[in-house]
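Visitor: Before anything else, here's the structure in question.
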2 protein chains.
Amino acid sequence: MTALAKSDDWIDRFEGLSKLEPGLRNVLTTRSHVVRLPADSVIFGPGKSPDNLLLLLQGTVRVQQLAENGREVVLYRVTAGESCVLTTACMLAYEDYAAEGIAETDIVAAAIPRGVFDDLVASSKEFRNFVFRAYSRRITDLFHVIEDIAFRRMDIRLAQKIIERADTGVLKATHAQLAAELGTAREVISRQLAEFQRRGWIAQSRGVIEILDCEGLRALAQS
Amino acid sequence: MTALAKSDDWIDRFEGLSKLEPGLRNVLTTRSHVVRLPADSVIFGPGKSPDNLLLLLQGTVRVQQLAENGREVVLYRVTAGESCVLTTACMLAYEDYAAEGIAETDIVAAAIPRGVFDDLVASSKEFRNFVFRAYSRRITDLFHVIEDIAFRRMDIRLAQKIIERADTGVLKATHAQLAAELGTAREVISRQLAEFQRRGWIAQSRGVIEILDCEGLRALAQS
DNA sequence: GGCGCTTGTGTGACTAGGTCACTGATCGCG
DNA sequence: CGCGATCAGTGACCTAGTCACACAAGCGCC
């Protein structure tokens, strides 16, 4: 861990923090530290509550819910320029949750210790707004997850996911990963993808989905 | 709306606020107001964002998610002695959520205006802890809802709900209400209840479920 | 009382989604 | 090349959600 004293321009990358008072910028750069973690690190999870608020500078963190039977759902992702605020709430009390945060890529983050977080919340209206806005965003995400799982059809959700996560027409993911993403079973994904393939929308090979007809997918996704 | 200047003992009913500094107790009692709302009032919802933080003194508020097709799920309930914190997050930004809060009974609450909330967060560590603890609790609730919907069987969830919400062995609720509670369809509830009845666990009449064999239900509920 | 209206419940047929127990395919690697 | 590990496909079966009804209970009102 190294202090961030050298520069404070990273702060501006966080929506809502650019107008932070100069003195407090200093607090952030001198009292928070850079952490670097390799992909697949467990940032927090059952029995591992974080004691820093992370502001992500590079990489993405996937937050997912685990069930006893081994199934999982992805709740949301934290990307560069965002903060892992929900962990601040979870730092205190109510430890019995089964969500975990995992680095999806190598990540670089500014770690703000609990005490500094508290000071900043106390002393800066800017920072308070930043925190509550971040909460708002995450909670809205959770609402959407609930709506999706409870009320939307799998084929539609899968089509959306493919479009959303494909990079230049190609998505590298196994059926099992997509199932975990959507909170369903592997077989369900396999069958849906087989159907997409039958319709000529995609081509498949081990661990790879190639989009052939984006329009077809898109039409399904927004119905 | 009337100011609360006369007494401040209600503050102690909120876990985490009892050690609030005397000066700030004053702020709460003089700058917040009592609101009384009849059962079924919509506290907040799409297009109706609240501009007060409510601390519930009496009654309960049900927060539920609505879907286009008319179905709904109950996300959590706020009871006397708790606060409606998630609304503070939702007060700002990200207005596109489809959750609404409804008074389940006649309610009495202390309404803390946005500015006062902000002042208190700034000036009191006690109050900050109160707020973040409340967030923590709600978010944990949401995690549980997601886990339930995604991974648990309906019969188990229904048995739990019946036990949880029954009062002296009797639950007054229509099948449609229970369906909305659990985010499923009315027919599903009807069929499950028919099965519970066949097993001698409950008796039914219009709008009423009577528990006959609590052990049977309980055994199912915790499996 | 008999009449309609509203609300709540029961049912059958069907589709979608999840589970189980497999088989076969593909890959990396010694 | 052979072997183990991972990934994908499949059929049978069960649970859950949808649709289109019929039926029943309560309620007001001539």
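Labeling convention for the structure tokens: chains A, B, ... as they appear, residues from 1 per chain, ligands from 1 in order of appearance.
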Running DSSP on the backbone, which parts of region 162-199 of chain A land in strand (DSSP E or B), as a list in words?

Guide: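 Selecting the strand (DSSP E or B) positions of region 162-199 of chain A gives Asp167, Val170, Leu171 and Lys172 of chain A.
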
Visitor: I want to know what sits within 12 Å of DC14 (chain D), based on only C-alpha atoms (C1' of nucleotides), with residues of the same chain fewer than 5 positions away left out; could you give that as a PDB file with N, CA, C and O atoms (P, O5', C5', C4', C3', O3' and C1' of nucleotides), in the first residue's frame?

Guide:
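Result file is part34.pdb:
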```pdb
ATOM      1  P    DG C  17     -38.616 -19.233 -19.550  1.00  0.00           P
ATOM      2  O5'  DG C  17     -38.370 -20.145 -18.273  1.00  0.00           O
ATOM      3  C5'  DG C  17     -38.926 -19.746 -17.029  1.00  0.00           C
ATOM      4  C4'  DG C  17     -38.527 -20.749 -15.974  1.00  0.00           C
ATOM      5  C3'  DG C  17     -37.025 -20.993 -15.885  1.00  0.00           C
ATOM      6  O3'  DG C  17     -36.703 -20.932 -14.519  1.00  0.00           O
ATOM      7  C1'  DG C  17     -38.152 -23.035 -16.065  1.00  0.00           C
ATOM      8  P    DG C  18     -35.199 -21.114 -14.013  1.00  0.00           P
ATOM      9  O5'  DG C  18     -35.257 -22.572 -13.364  1.00  0.00           O
ATOM     10  C5'  DG C  18     -36.023 -22.751 -12.178  1.00  0.00           C
ATOM     11  C4'  DG C  18     -35.811 -24.146 -11.635  1.00  0.00           C
ATOM     12  C3'  DG C  18     -34.346 -24.551 -11.434  1.00  0.00           C
ATOM     13  O3'  DG C  18     -34.268 -25.216 -10.180  1.00  0.00           O
ATOM     14  C1'  DG C  18     -35.412 -26.105 -12.848  1.00  0.00           C
ATOM     15  P    DT C  19     -32.940 -25.909  -9.653  1.00  0.00           P
ATOM     16  O5'  DT C  19     -33.175 -27.450  -9.991  1.00  0.00           O
ATOM     17  C5'  DT C  19     -34.321 -28.080  -9.464  1.00  0.00           C
ATOM     18  C4'  DT C  19     -34.195 -29.580  -9.647  1.00  0.00           C
ATOM     19  C3'  DT C  19     -32.803 -30.157  -9.359  1.00  0.00           C
ATOM     20  O3'  DT C  19     -33.005 -31.289  -8.547  1.00  0.00           O
ATOM     21  C1'  DT C  19     -33.526 -30.822 -11.498  1.00  0.00           C
ATOM     22  P    DC C  20     -31.763 -32.064  -7.859  1.00  0.00           P
ATOM     23  O5'  DC C  20     -31.593 -33.354  -8.795  1.00  0.00           O
ATOM     24  C5'  DC C  20     -32.743 -34.056  -9.192  1.00  0.00           C
ATOM     25  C4'  DC C  20     -32.374 -35.188 -10.121  1.00  0.00           C
ATOM     26  C3'  DC C  20     -30.947 -35.739  -9.953  1.00  0.00           C
ATOM     27  O3'  DC C  20     -31.035 -37.137  -9.840  1.00  0.00           O
ATOM     28  C1'  DC C  20     -31.384 -35.219 -12.217  1.00  0.00           C
TER      29       DC C  20
END
```

Visitor: Mind running chain D against chain A at 9 Å and telling me each contacting residue's nearest atom pair with the distance in Å (one decimal), counting only C-alpha atoms (C1' of nucleotides), chain and number ascending, as CSV?

Guide:
```
residue,atom,partner,partner_atom,distance
D:DC7,C1',A:Arg206,CA,6.7
D:DA8,C1',A:Ser190,CA,7.4
D:DG9,C1',A:Ser190,CA,7.8
```

Visitor: Given the selection you just returned, output its residues as a file containing C-alpha atoms (C1' of nucleotides), formatted as a CSV table (one decimal), in the first residue's frame.

Guide:
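File written: out18.csv
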```csv
chain,number,residue,atom,x,y,z
D,7,DC,C1',-17.7,-27.9,-21.1
D,8,DA,C1',-21.9,-28.9,-23.7
D,9,DG,C1',-26.1,-31.7,-25.1
```

Visitor: Counting only C-alpha atoms, give me one row per residue of chain A with an atom at most 6 Å from an atom of chain B, showing the shortest contact pair and its distance in Å to one decimal, sorted by chain then residue number, as CSV.

Guide:
```
residue,atom,partner,partner_atom,distance
A:Ala89,CA,B:Ser136,CA,4.7
A:Cys90,CA,B:Ser136,CA,5.5
A:Ala122,CA,B:Ala122,CA,4.1
A:Phe132,CA,B:Ala89,CA,5.4
A:Ser136,CA,B:Ala89,CA,4.7
A:Ile146,CA,B:Ile146,CA,5.9
```

Visitor: Since we have the selection now, will you write its residues out, keeping N, CA, C and O atoms, as a PDB file, in the first residue's frame?

Guide:
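The resulting file, again33.pdb, is reproduced below:
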```
ATOM      1  N   ALA A  89     -22.017  -0.005   4.291  1.00  0.00           N
ATOM      2  CA  ALA A  89     -23.171  -0.355   5.111  1.00  0.00           C
ATOM      3  C   ALA A  89     -22.920  -1.697   5.772  1.00  0.00           C
ATOM      4  O   ALA A  89     -23.211  -1.906   6.943  1.00  0.00           O
ATOM      5  N   CYS A  90     -22.360  -2.592   4.982  1.00  0.00           N
ATOM      6  CA  CYS A  90     -22.194  -3.945   5.480  1.00  0.00           C
ATOM      7  C   CYS A  90     -21.024  -4.060   6.428  1.00  0.00           C
ATOM      8  O   CYS A  90     -20.862  -5.063   7.121  1.00  0.00           O
ATOM      9  N   ALA A 122     -18.741  13.574   7.578  1.00  0.00           N
ATOM     10  CA  ALA A 122     -19.074  14.634   8.526  1.00  0.00           C
ATOM     11  C   ALA A 122     -18.766  16.008   7.973  1.00  0.00           C
ATOM     12  O   ALA A 122     -19.525  16.954   8.164  1.00  0.00           O
ATOM     13  N   PHE A 132     -24.429   9.133  -0.934  1.00  0.00           N
ATOM     14  CA  PHE A 132     -25.846   8.777  -1.050  1.00  0.00           C
ATOM     15  C   PHE A 132     -26.246   8.541  -2.504  1.00  0.00           C
ATOM     16  O   PHE A 132     -27.111   7.716  -2.782  1.00  0.00           O
ATOM     17  N   SER A 136     -27.871   5.138  -3.887  1.00  0.00           N
ATOM     18  CA  SER A 136     -29.080   5.177  -4.699  1.00  0.00           C
ATOM     19  C   SER A 136     -28.921   4.306  -5.933  1.00  0.00           C
ATOM     20  O   SER A 136     -29.792   3.506  -6.283  1.00  0.00           O
ATOM     21  N   ILE A 146     -34.204  -7.813  -8.813  1.00  0.00           N
ATOM     22  CA  ILE A 146     -35.412  -8.455  -8.287  1.00  0.00           C
ATOM     23  C   ILE A 146     -36.492  -8.507  -9.357  1.00  0.00           C
ATOM     24  O   ILE A 146     -37.118  -9.548  -9.584  1.00  0.00           O
TER      25      ILE A 146
END
```

Visitor: Output the contact residues of chain C with respect to chain B at a cut-off of 10 Å, based on only C-alpha atoms (C1' of nucleotides), as a list in words.

Guide: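 Going by the stated atoms only, the list reads DT7, DG8, DT9, DG10, DT11 and DG18 of chain C.
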
Visitor: Write out the residues from the selection above, keeping C-alpha atoms (C1' of nucleotides), as a short mmCIF file (atom, residue, chain, number, x, y, z; two decimals), in the first residue's frame.

Guide:
```
data_model
loop_
_atom_site.label_atom_id
_atom_site.label_comp_id
_atom_site.auth_asym_id
_atom_site.auth_seq_id
_atom_site.Cartn_x
_atom_site.Cartn_y
_atom_site.Cartn_z
"C1'" DT C 7 -64.65 -10.16 -5.06
"C1'" DG C 8 -62.53 -14.40 -3.94
"C1'" DT C 9 -61.54 -19.26 -5.09
"C1'" DG C 10 -61.08 -23.80 -7.92
"C1'" DT C 11 -59.64 -26.15 -12.09
"C1'" DG C 18 -35.41 -26.10 -12.85
#
```

Visitor: Within region 18-150 of chain B, find each residue whose DSSP state, derived from the backbone, is helix (DSSP H, G or I), and express the selection as a PyMOL selection string.

Guide: chain B and resi 22-31+86-91+114-123+125-150

Visitor: With a distance cut-off of 10 Å and only C-alpha atoms (C1' of nucleotides), select the neighbouring residues of Gly216 (chain B), excluding the residue or stretch itself and same-chain residues fewer than 4 positions from it, and output the selection as a list in words.

Guide: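 Selected residues are Ala159, Phe196, Arg199, Gly200, Trp201, Ile202, Ile211, Leu212, Leu220 and Ala221 of chain B.
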